Amino acid sequence: FDEKYQIFGYVDGYDDEGKRLLEIKTSSKPWSMTQFRDAMQRKIYALAFSDFKEAYLITGSKDPAKWEKELPKLYSMTLTEKDRQEARDWIEKGIKILESGDFKGGLDENGKCLGCFWNMDRYPELASCHFM
């Protein structure tokens with residue numbers, strides 16, 4: 001990103017000649033076009049590949065056995081300067097948080113993560129939280 005910080009990411013597909021990239025998302029619920037539009041990952045890739053014009057998303061069930069009844073979907077989206085600026089702003093905001101040392105954002109009054117992915121309260125034995 002600059003002389004001090006680097007951002008690493010891994011696109012799922014890359015077409016240098018066509019200036020296109022591919023992201024694949026499989027999950028229990030396939031992604032919507034809105035999720036793809038709003039995904040910071042796509043915006044960071046737009047910034048990283050500044051001459052790329054388009055991004056594709058393939059999304060479907062994480063269970064391939066379900067693909068016969070619900071085929072994976074393909075979306076495409078133009079990569080814009082607005083995407084690139086939003087990625088820059090998001091990264092710069094993250095750098096400011098990192099440099100300030102204030103890592104308590106997103107915690108409730110008990111110091112627990114809001115909307116914790118790892119279900120710290122219900123399954124503490126499975127916890128993989130880096131903050132606890």
# chains A, B, ... in the order shown; residues from 1 in each chain; ligands from 1

call {"tool": "select_by_dssp", "arguments": {"residues": "region 2-131 of chain A", "states": "strand (DSSP E or B)", "output": "ChimeraX atom specification"}}
result
/A:13-15,20-27,54-61,73-78,107,113

call {"tool": "select_by_dssp", "arguments": {"residues": "chain A", "states": "helix (DSSP H, G or I)", "output": "VMD selection string"}}
result
chain A and resid 33 to 38 40 to 48 64 to 68 81 to 100 124 to 126

call {"tool": "write_last_selection", "arguments": {"atoms": "N, CA and C atoms", "output": "compact mmCIF listing (two decimals), in the first residue's frame"}}
result
# COMPACT_ATOMS: atom_id res chain seq x y z
N MET A 33 -25.86 -10.15 -5.60
CA MET A 33 -25.15 -9.11 -6.34
C MET A 33 -24.80 -7.95 -5.39
N THR A 34 -25.68 -7.65 -4.45
CA THR A 34 -25.43 -6.56 -3.49
C THR A 34 -24.23 -6.89 -2.61
N GLN A 35 -24.13 -8.12 -2.13
CA GLN A 35 -22.97 -8.52 -1.32
C GLN A 35 -21.68 -8.38 -2.13
N PHE A 36 -21.73 -8.79 -3.38
CA PHE A 36 -20.57 -8.70 -4.25
C PHE A 36 -20.20 -7.23 -4.49
N ARG A 37 -21.20 -6.41 -4.73
CA ARG A 37 -20.97 -4.96 -4.96
C ARG A 37 -20.32 -4.32 -3.75
N ASP A 38 -20.78 -4.70 -2.55
CA ASP A 38 -20.32 -4.07 -1.32
C ASP A 38 -19.05 -4.68 -0.75
N MET A 40 -15.55 -5.44 0.32
CA MET A 40 -14.30 -4.69 0.32
C MET A 40 -13.20 -5.46 -0.39
N GLN A 41 -13.25 -6.76 -0.35
CA GLN A 41 -12.25 -7.58 -1.03
C GLN A 41 -12.21 -7.24 -2.53
N ARG A 42 -13.38 -7.13 -3.16
CA ARG A 42 -13.44 -6.78 -4.58
C ARG A 42 -12.86 -5.39 -4.81
N LYS A 43 -13.15 -4.46 -3.91
CA LYS A 43 -12.67 -3.09 -4.05
C LYS A 43 -11.16 -3.01 -3.88
N ILE A 44 -10.63 -3.82 -2.97
CA ILE A 44 -9.17 -3.85 -2.79
C ILE A 44 -8.51 -4.43 -4.04
N TYR A 45 -9.10 -5.46 -4.63
CA TYR A 45 -8.56 -6.00 -5.87
C TYR A 45 -8.63 -4.95 -6.99
N ALA A 46 -9.69 -4.15 -7.02
CA ALA A 46 -9.79 -3.07 -8.01
C ALA A 46 -8.63 -2.09 -7.84
N LEU A 47 -8.29 -1.80 -6.59
CA LEU A 47 -7.17 -0.91 -6.31
C LEU A 47 -5.84 -1.56 -6.70
N ALA A 48 -5.68 -2.82 -6.36
CA ALA A 48 -4.43 -3.52 -6.63
C ALA A 48 -4.18 -3.69 -8.13
N PRO A 64 -21.37 -29.26 -3.29
CA PRO A 64 -21.51 -29.51 -4.73
C PRO A 64 -22.69 -30.41 -5.09
N ALA A 65 -23.14 -31.26 -4.16
CA ALA A 65 -24.29 -32.12 -4.44
C ALA A 65 -25.55 -31.29 -4.71
N LYS A 66 -25.59 -30.08 -4.20
CA LYS A 66 -26.76 -29.21 -4.41
C LYS A 66 -26.72 -28.47 -5.75
N TRP A 67 -25.61 -28.53 -6.45
CA TRP A 67 -25.46 -27.78 -7.70
C TRP A 67 -26.40 -28.28 -8.80
N GLU A 68 -26.81 -29.54 -8.73
CA GLU A 68 -27.73 -30.05 -9.75
C GLU A 68 -29.08 -29.34 -9.69
N GLU A 81 -13.40 3.80 -10.30
CA GLU A 81 -12.54 4.65 -9.47
C GLU A 81 -13.15 4.83 -8.09
N LYS A 82 -14.47 4.82 -7.99
CA LYS A 82 -15.14 4.90 -6.69
C LYS A 82 -14.77 3.69 -5.84
N ASP A 83 -14.77 2.49 -6.44
CA ASP A 83 -14.34 1.28 -5.73
C ASP A 83 -12.92 1.45 -5.20
N ARG A 84 -12.05 1.95 -6.04
CA ARG A 84 -10.64 2.11 -5.67
C ARG A 84 -10.49 3.12 -4.53
N GLN A 85 -11.23 4.21 -4.59
CA GLN A 85 -11.15 5.22 -3.54
C GLN A 85 -11.70 4.67 -2.22
N GLU A 86 -12.79 3.91 -2.27
CA GLU A 86 -13.34 3.32 -1.06
C GLU A 86 -12.34 2.35 -0.44
N ALA A 87 -11.61 1.61 -1.27
CA ALA A 87 -10.58 0.70 -0.76
C ALA A 87 -9.45 1.49 -0.10
N ARG A 88 -8.99 2.57 -0.75
CA ARG A 88 -7.94 3.41 -0.15
C ARG A 88 -8.39 3.96 1.21
N ASP A 89 -9.61 4.49 1.25
CA ASP A 89 -10.13 5.07 2.50
C ASP A 89 -10.20 4.02 3.60
N TRP A 90 -10.68 2.82 3.26
CA TRP A 90 -10.82 1.74 4.23
C TRP A 90 -9.46 1.31 4.76
N ILE A 91 -8.49 1.18 3.87
CA ILE A 91 -7.14 0.79 4.27
C ILE A 91 -6.51 1.87 5.15
N GLU A 92 -6.65 3.13 4.75
CA GLU A 92 -6.09 4.22 5.55
C GLU A 92 -6.72 4.29 6.94
N LYS A 93 -8.01 4.05 7.02
CA LYS A 93 -8.70 4.02 8.31
C LYS A 93 -8.14 2.88 9.17
N GLY A 94 -7.92 1.72 8.56
CA GLY A 94 -7.35 0.59 9.28
C GLY A 94 -5.94 0.87 9.76
N ILE A 95 -5.15 1.54 8.95
CA ILE A 95 -3.78 1.89 9.35
C ILE A 95 -3.81 2.83 10.55
N LYS A 96 -4.71 3.79 10.54
CA LYS A 96 -4.83 4.72 11.68
C LYS A 96 -5.18 3.96 12.96
N ILE A 97 -6.09 2.99 12.87
CA ILE A 97 -6.45 2.18 14.03
C ILE A 97 -5.24 1.38 14.49
N LEU A 98 -4.53 0.77 13.55
CA LEU A 98 -3.34 -0.02 13.87
C LEU A 98 -2.30 0.84 14.57
N GLU A 99 -2.04 2.02 14.02
CA GLU A 99 -1.01 2.88 14.59
C GLU A 99 -1.43 3.50 15.93
N SER A 100 -2.71 3.70 16.15
CA SER A 100 -3.18 4.27 17.41
C SER A 100 -3.08 3.26 18.56
N PRO A 124 -17.28 -21.55 24.08
CA PRO A 124 -15.94 -21.05 24.42
C PRO A 124 -14.83 -22.06 24.11
N GLU A 125 -15.15 -23.34 24.14
CA GLU A 125 -14.12 -24.36 23.86
C GLU A 125 -13.69 -24.36 22.38
N LEU A 126 -14.52 -23.78 21.51
CA LEU A 126 -14.19 -23.72 20.09
C LEU A 126 -13.62 -22.37 19.71

call {"tool": "atom_distance", "arguments": {"atom1": "CA of Leu22 (chain A)", "atom2": "CA of Tyr75 (chain A)"}}
result
9.8 Å

call {"tool": "closest_residue", "arguments": {"among": "A:Val11, A:Cys113, A:Leu107, A:Ala39", "to": "Met77 (chain A)", "atoms": "only C-alpha atoms"}}
result
A:Ala39

call {"tool": "atom_distance", "arguments": {"atom1": "CA of Glu54 (chain A)", "atom2": "CA of Tyr14 (chain A)"}}
result
10.6 Å

call {"tool": "atom_distance", "arguments": {"atom1": "CA of Ala55 (chain A)", "atom2": "CA of Ile7 (chain A)"}}
result
18.9 Å

call {"tool": "closest_residue", "arguments": {"among": "A:Asp2, A:Asp102, A:Asp108, A:Asp63", "to": "Lys25 (chain A)", "atoms": "only C-alpha atoms"}}
result
A:Asp63

call {"tool": "closest_residue", "arguments": {"among": "A:Lys29, A:Asn110, A:Ser76, A:Gly101", "to": "Ser61 (chain A)", "atoms": "only C-alpha atoms"}}
result
A:Lys29

call {"tool": "closest_residue", "arguments": {"among": "A:Leu57, A:Lys62, A:Asp51, A:Pro72", "to": "Gly13 (chain A)", "atoms": "only C-alpha atoms"}}
result
A:Leu57

call {"tool": "closest_residue", "arguments": {"among": "A:Leu71, A:Phe103, A:Thr78, A:Tyr10", "to": "Thr26 (chain A)", "atoms": "only C-alpha atoms"}}
result
A:Leu71
